[in-house]
Each structure stands twice: as structure tokens, then as C-alpha cells.
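Structure first, then comments.
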Amino acid sequence: MAGQSVFLVMLSGQIESGFFPEFDDIYCKYSFVYGQDWVITSGLEEGITQITKKSQDERQLFVWNFPLEVTFKSSNPYGWPQLVVSVYGMDVFGSEVVRGYGAIHVPVSPGSHQRVLPMFVPESSSKLQKFTSWIMGRRPEFVDPRVVAQGEGREVTRVRSQGNISVTFNVIMRDMKKLGYDSVPSEVSVPSHMTQQALASVSAAAESARNIKT
């Protein structure tokens, strides 16, 4: 009975690449944020990639190809998992600073999905604070990066867009329909042969009526 009251969402994929043309030598930290009814049954909830350099071609991409693999169990879709990614690098003083935050929901339909996460960084609330943080080498950042997956308090946070991350998701779902959830997109119905003949007859009749009127 317990097995019939839950569904599984199995996720694999990669944090593939990033675009931050102004920087070099950066890496990612990731974590999954989900509701209290969700449980990770296998895989890693968080991780950190290797440091990579910017490609020397015209794309100027940072390539990680870092694997993601996790399985969730839940009894309802509320609190659907989100992937939170934060990017870090070194400034001119050798201090570790954040280069971007981003969050995206795990796709709600099975299959392979390609997503691009727009990244952003917090901004100082005044020019004086901005200058002071630059001198001291302490840029504005979130104490807990997972806050970007929540809406509370975001309206008072000043941010600036900066770069993006490309992520691939491969999603498999199990027992969703047993609980009344349809995660598969509706298929477009194809007219049957008899329906096509009827439509052709109606079209021919309409054409004949137009010819009679003329």
C-alpha cells in the first residue's frame, strides 16, 4: 500500500557549460531545493564542479559537463524540486566571489530537456556600499544560495543579470498516473480515414455551392 501512495521522479543529466565572458577560472556549486513531502532516495542532493577555463574560440564558453543524478520520492507534486546553481571565481585580490546565482524547476514531463539558466548577482543598495565592498573585497552575496529558489523577500533584493548556464535534464517518472497525475503532454489527435473522407465531402459540397452562386 505504501508503494502505491507515492511516485518517483528519476533525474540524470549534466551541468554542461556557462557563458561569463568577463571572467575566467570559475566553478559551480549546485543543490536541489524541494518541498517537505519530497525525499531523496538515491543520488546526491548537492555537489561542486571542477574549476574550468574559458574556451579560446569565439564562443568563450566554460565547459564542465558535470553529471547530475538523483531520485526523488513524493506523495504530491507541491514543492516540485528545483535545481539551484551558484557560480564562483577569484577576483583581482585573490578572494573568492560569486559570479552568478540561478534556479530552475526540474522538468515536469518525462524525456530529455535542454535548459538555459539566466544568472544574476546581488547589487549593493548604494554607491558608497558598492565602493566599500570593492575596496574590502567583500561583494554582496546570499548567506544561503538556496534562497534564490524562494519568493520570500526577493522583492527587496537588488540584482543584476550576469551570464547563463546550460543544463541537460533526462527525466523518468513512475506511478504518477496511479495517483491521478498526468505528466505526459496530450497527443494531437489524427483524423481517421473515415473522418478525412467526410471532411473531403464537405469541402467538395462547399466548393460546388460556390460555383453555383457564381
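Letters for chains follow the order of the C-alpha cells (A, B, ...), residue numbers begin at 1 for each chain, and ligand numbers begin at 1 in the order shown.
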
Spatial neighbours of region 111-117 of chain A, 8 Å, only C-alpha atoms, chain gap at least 6 places, as a list in words
Gly102, Ala103, Ile104, Asn164, Ile165, Ser166, Val167, Thr168, Phe169, Asn170, Val171 and Ile172 of chain A

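When DSSP reads the backbone of this structure, the residues of region 11-158 of chain A it assigns to helix (DSSP H, G or I) are Lys127, Leu128, Gln129, Lys130, Phe131, Thr132, Ser133, Trp134, Ile135, Met136, Pro145, Arg146, Val147, Val148, Ala149, Arg154, Glu155 and Val156 of chain A.
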
Nearby residues (only C-alpha atoms) at most 12 Å from Leu11 (chain A), same-chain spacing under 3 positions excluded, as an NGL selection string
:A and (8 or 14 or 32 or 40-45 or 67-73 or 81-83 or 105-113 or 168-174)

Min atom-atom distance to Val9 (chain A) from the set A:Gly35, A:Gly47, A:Pro122, A:Pro77, counting only C-alpha atoms, belongs to A:Pro77

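Using only C-alpha atoms, the shortest contact distance between Val147 (chain A) and any of A:Ser12, A:Gln50, A:Ser31, A:Ser161 is found at A:Ser31.
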
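Atom pair CA of Thr49 (chain A) / CA of Trp64 (chain A) has a distance of 7.0 Å (rounded to one decimal).
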
Which residue out of A:Ser86, A:Gln36, A:Ser17, A:Ser75 has the minimum interatomic distance to Lys53 (chain A) when only C-alpha atoms are used?
A:Ser17

The distance between CA of Met176 (chain A) and CA of Gly13 (chain A) is 21.0 Å
